[in-house]
Amino acid sequence: MEKVKIIKEQLKTAQSRLESNSDIRHRDLEFKDDDWVFLKKIGEVAYKLELPPEMSVVHPVFYVSILKKIVRDPIFIVPVETIEVNEELTYEETPVSIIDRQVRKLRNKEIASVKVLWRNQQVEEATWEVREEIKKKYPHLYR
């Protein structure tokens, strides 16, 4: 009986911790018609967003908990018409240029990499790619 009593006390303590953490992180969200949001994670209540006609392939219903309010910054606004979304709701990034090169040395080999600036991205968002793969897929960058 003593062990059962200890287990019950530990369960109460754990439950109390969970409740207090939940209360700290809980916040009511309200959005207006012209608010901008980031999508975050899935939750319980849904919102139907009014999307522009060019985004008709995107499902307009999102859970409230995945919406996160943002402050508009013109630097991060990408005109929708410049992104060509296909029927699977994906798009292919096109490389603009190679802005840096490096060779990474591993134990037994060296890997040549290039930093690729992609269309619709800022320089800070350029990615390092394996040089041979980029050269094979986008030979026009090496002319």
# chains A, B, ... in the order shown; residues from 1 in each chain; ligands from 1

$ residues_around --residues "Arg101 of chain A" --least-positions-apart "2" --cutoff "8 Å" --atoms "only C-alpha atoms" --output "PyMOL selection string"
chain A and resi 98-99+103+112-115

$ closest_residue --among "A:Lys135, A:Asp34, A:Lys48, A:Arg104" --to "Pro60 of chain A" --atoms "only C-alpha atoms"
A:Lys48

$ atom_distance --atom1 "atom CA of Thr94 of chain A" --atom2 "atom CA of Val61 of chain A"
29.2 Å

$ residues_around --residues "Ser97 of chain A" --least-positions-apart "5" --cutoff "8 Å" --atoms "only C-alpha atoms" --output "count of residues only"
4

$ decode --residues "segment 46-61 of chain A" --atoms "all heavy atoms" --output "mmCIF file, in the first residue's frame"
data_model
loop_
_atom_site.group_PDB
_atom_site.id
_atom_site.type_symbol
_atom_site.label_atom_id
_atom_site.label_comp_id
_atom_site.auth_asym_id
_atom_site.auth_seq_id
_atom_site.Cartn_x
_atom_site.Cartn_y
_atom_site.Cartn_z
ATOM 1 N N ALA A 46 -10.584 25.390 -36.824
ATOM 2 C CA ALA A 46 -10.165 25.715 -38.189
ATOM 3 C C ALA A 46 -10.577 27.119 -38.608
ATOM 4 O O ALA A 46 -11.561 27.661 -38.128
ATOM 5 C CB ALA A 46 -10.746 24.714 -39.163
ATOM 6 N N TYR A 47 -9.803 27.697 -39.533
ATOM 7 C CA TYR A 47 -10.105 28.969 -40.173
ATOM 8 C C TYR A 47 -10.133 28.729 -41.665
ATOM 9 O O TYR A 47 -9.332 27.961 -42.196
ATOM 10 C CB TYR A 47 -8.987 29.990 -39.901
ATOM 11 C CG TYR A 47 -9.284 30.979 -38.819
ATOM 12 C CD1 TYR A 47 -9.044 30.668 -37.489
ATOM 13 C CD2 TYR A 47 -9.758 32.240 -39.117
ATOM 14 C CE1 TYR A 47 -9.288 31.581 -36.490
ATOM 15 C CE2 TYR A 47 -10.003 33.162 -38.121
ATOM 16 C CZ TYR A 47 -9.771 32.832 -36.813
ATOM 17 O OH TYR A 47 -10.011 33.737 -35.829
ATOM 18 N N LYS A 48 -11.037 29.412 -42.336
ATOM 19 C CA LYS A 48 -11.030 29.364 -43.792
ATOM 20 C C LYS A 48 -10.474 30.699 -44.266
ATOM 21 O O LYS A 48 -11.030 31.752 -43.971
ATOM 22 C CB LYS A 48 -12.438 29.145 -44.346
ATOM 23 C CG LYS A 48 -12.450 28.993 -45.840
ATOM 24 C CD LYS A 48 -13.811 28.593 -46.354
ATOM 25 C CE LYS A 48 -13.749 28.382 -47.848
ATOM 26 N NZ LYS A 48 -15.046 27.978 -48.374
ATOM 27 N N LEU A 49 -9.364 30.647 -44.980
ATOM 28 C CA LEU A 49 -8.716 31.857 -45.459
ATOM 29 C C LEU A 49 -9.204 32.199 -46.852
ATOM 30 O O LEU A 49 -9.412 31.316 -47.681
ATOM 31 C CB LEU A 49 -7.191 31.672 -45.471
ATOM 32 C CG LEU A 49 -6.543 31.317 -44.144
ATOM 33 C CD1 LEU A 49 -5.040 31.164 -44.326
ATOM 34 C CD2 LEU A 49 -6.837 32.376 -43.098
ATOM 35 N N GLU A 50 -9.366 33.473 -47.103
ATOM 36 C CA GLU A 50 -9.727 33.929 -48.441
ATOM 37 C C GLU A 50 -8.420 34.166 -49.184
ATOM 38 O O GLU A 50 -7.674 35.090 -48.872
ATOM 39 C CB GLU A 50 -10.537 35.220 -48.352
ATOM 40 C CG GLU A 50 -11.095 35.648 -49.680
ATOM 41 C CD GLU A 50 -11.999 36.862 -49.539
ATOM 42 O OE1 GLU A 50 -12.844 36.865 -48.621
ATOM 43 O OE2 GLU A 50 -11.829 37.793 -50.334
ATOM 44 N N LEU A 51 -8.149 33.305 -50.139
ATOM 45 C CA LEU A 51 -6.892 33.363 -50.878
ATOM 46 C C LEU A 51 -7.103 34.007 -52.242
ATOM 47 O O LEU A 51 -8.197 33.942 -52.806
ATOM 48 C CB LEU A 51 -6.334 31.947 -51.049
ATOM 49 C CG LEU A 51 -6.037 31.199 -49.753
ATOM 50 C CD1 LEU A 51 -5.651 29.763 -50.050
ATOM 51 C CD2 LEU A 51 -4.938 31.892 -48.962
ATOM 52 N N PRO A 52 -6.053 34.623 -52.789
ATOM 53 C CA PRO A 52 -6.179 35.223 -54.132
ATOM 54 C C PRO A 52 -6.407 34.137 -55.182
ATOM 55 O O PRO A 52 -6.051 32.976 -54.969
ATOM 56 C CB PRO A 52 -4.829 35.932 -54.337
ATOM 57 C CG PRO A 52 -3.913 35.382 -53.332
ATOM 58 C CD PRO A 52 -4.730 34.826 -52.215
ATOM 59 N N PRO A 53 -6.991 34.510 -56.330
ATOM 60 C CA PRO A 53 -7.306 33.527 -57.378
ATOM 61 C C PRO A 53 -6.097 32.724 -57.845
ATOM 62 O O PRO A 53 -6.212 31.553 -58.186
ATOM 63 C CB PRO A 53 -7.855 34.374 -58.530
ATOM 64 C CG PRO A 53 -8.254 35.666 -57.926
ATOM 65 C CD PRO A 53 -7.430 35.862 -56.696
ATOM 66 N N GLU A 54 -4.906 33.351 -57.826
ATOM 67 C CA GLU A 54 -3.729 32.607 -58.292
ATOM 68 C C GLU A 54 -3.359 31.456 -57.377
ATOM 69 O O GLU A 54 -2.585 30.584 -57.733
ATOM 70 C CB GLU A 54 -2.496 33.423 -58.449
ATOM 71 C CG GLU A 54 -2.208 34.830 -58.393
ATOM 72 C CD GLU A 54 -3.041 35.879 -57.793
ATOM 73 O OE1 GLU A 54 -4.080 36.232 -58.323
ATOM 74 O OE2 GLU A 54 -2.597 36.415 -56.788
ATOM 75 N N MET A 55 -3.906 31.456 -56.170
ATOM 76 C CA MET A 55 -3.605 30.378 -55.220
ATOM 77 C C MET A 55 -4.790 29.428 -55.079
ATOM 78 O O MET A 55 -4.971 28.790 -54.047
ATOM 79 C CB MET A 55 -3.229 30.975 -53.864
ATOM 80 C CG MET A 55 -1.950 31.763 -53.906
ATOM 81 S SD MET A 55 -1.482 32.378 -52.295
ATOM 82 C CE MET A 55 -1.022 30.880 -51.455
ATOM 83 N N SER A 56 -5.589 29.298 -56.125
ATOM 84 C CA SER A 56 -6.790 28.470 -56.063
ATOM 85 C C SER A 56 -6.484 26.993 -55.835
ATOM 86 O O SER A 56 -7.354 26.246 -55.391
ATOM 87 C CB SER A 56 -7.616 28.646 -57.330
ATOM 88 O OG SER A 56 -6.873 28.207 -58.445
ATOM 89 N N VAL A 57 -5.264 26.546 -56.121
ATOM 90 C CA VAL A 57 -4.916 25.141 -55.907
ATOM 91 C C VAL A 57 -4.597 24.839 -54.443
ATOM 92 O O VAL A 57 -4.483 23.689 -54.057
ATOM 93 C CB VAL A 57 -3.720 24.712 -56.791
ATOM 94 C CG1 VAL A 57 -4.084 24.742 -58.252
ATOM 95 C CG2 VAL A 57 -2.502 25.551 -56.510
ATOM 96 N N VAL A 58 -4.480 25.874 -53.601
ATOM 97 C CA VAL A 58 -4.187 25.687 -52.183
ATOM 98 C C VAL A 58 -5.494 25.532 -51.413
ATOM 99 O O VAL A 58 -6.426 26.310 -51.591
ATOM 100 C CB VAL A 58 -3.389 26.895 -51.624
ATOM 101 C CG1 VAL A 58 -3.163 26.740 -50.131
ATOM 102 C CG2 VAL A 58 -2.075 27.051 -52.353
ATOM 103 N N HIS A 59 -5.563 24.531 -50.557
ATOM 104 C CA HIS A 59 -6.761 24.314 -49.735
ATOM 105 C C HIS A 59 -6.873 25.462 -48.736
ATOM 106 O O HIS A 59 -5.925 25.720 -47.988
ATOM 107 C CB HIS A 59 -6.669 22.975 -49.016
ATOM 108 C CG HIS A 59 -7.909 22.609 -48.271
ATOM 109 N ND1 HIS A 59 -9.100 22.360 -48.897
ATOM 110 C CD2 HIS A 59 -8.136 22.468 -46.949
ATOM 111 C CE1 HIS A 59 -10.013 22.074 -47.993
ATOM 112 N NE2 HIS A 59 -9.457 22.129 -46.801
ATOM 113 N N PRO A 60 -8.010 26.165 -48.660
ATOM 114 C CA PRO A 60 -8.093 27.391 -47.862
ATOM 115 C C PRO A 60 -8.392 27.212 -46.378
ATOM 116 O O PRO A 60 -8.480 28.179 -45.654
ATOM 117 C CB PRO A 60 -9.243 28.148 -48.531
ATOM 118 C CG PRO A 60 -10.129 27.070 -49.040
ATOM 119 C CD PRO A 60 -9.216 25.954 -49.458
ATOM 120 N N VAL A 61 -8.547 25.978 -45.896
ATOM 121 C CA VAL A 61 -8.896 25.776 -44.488
ATOM 122 C C VAL A 61 -7.659 25.386 -43.698
ATOM 123 O O VAL A 61 -6.941 24.453 -44.062
ATOM 124 C CB VAL A 61 -9.992 24.695 -44.337
ATOM 125 C CG1 VAL A 61 -10.313 24.450 -42.875
ATOM 126 C CG2 VAL A 61 -11.244 25.116 -45.092
#
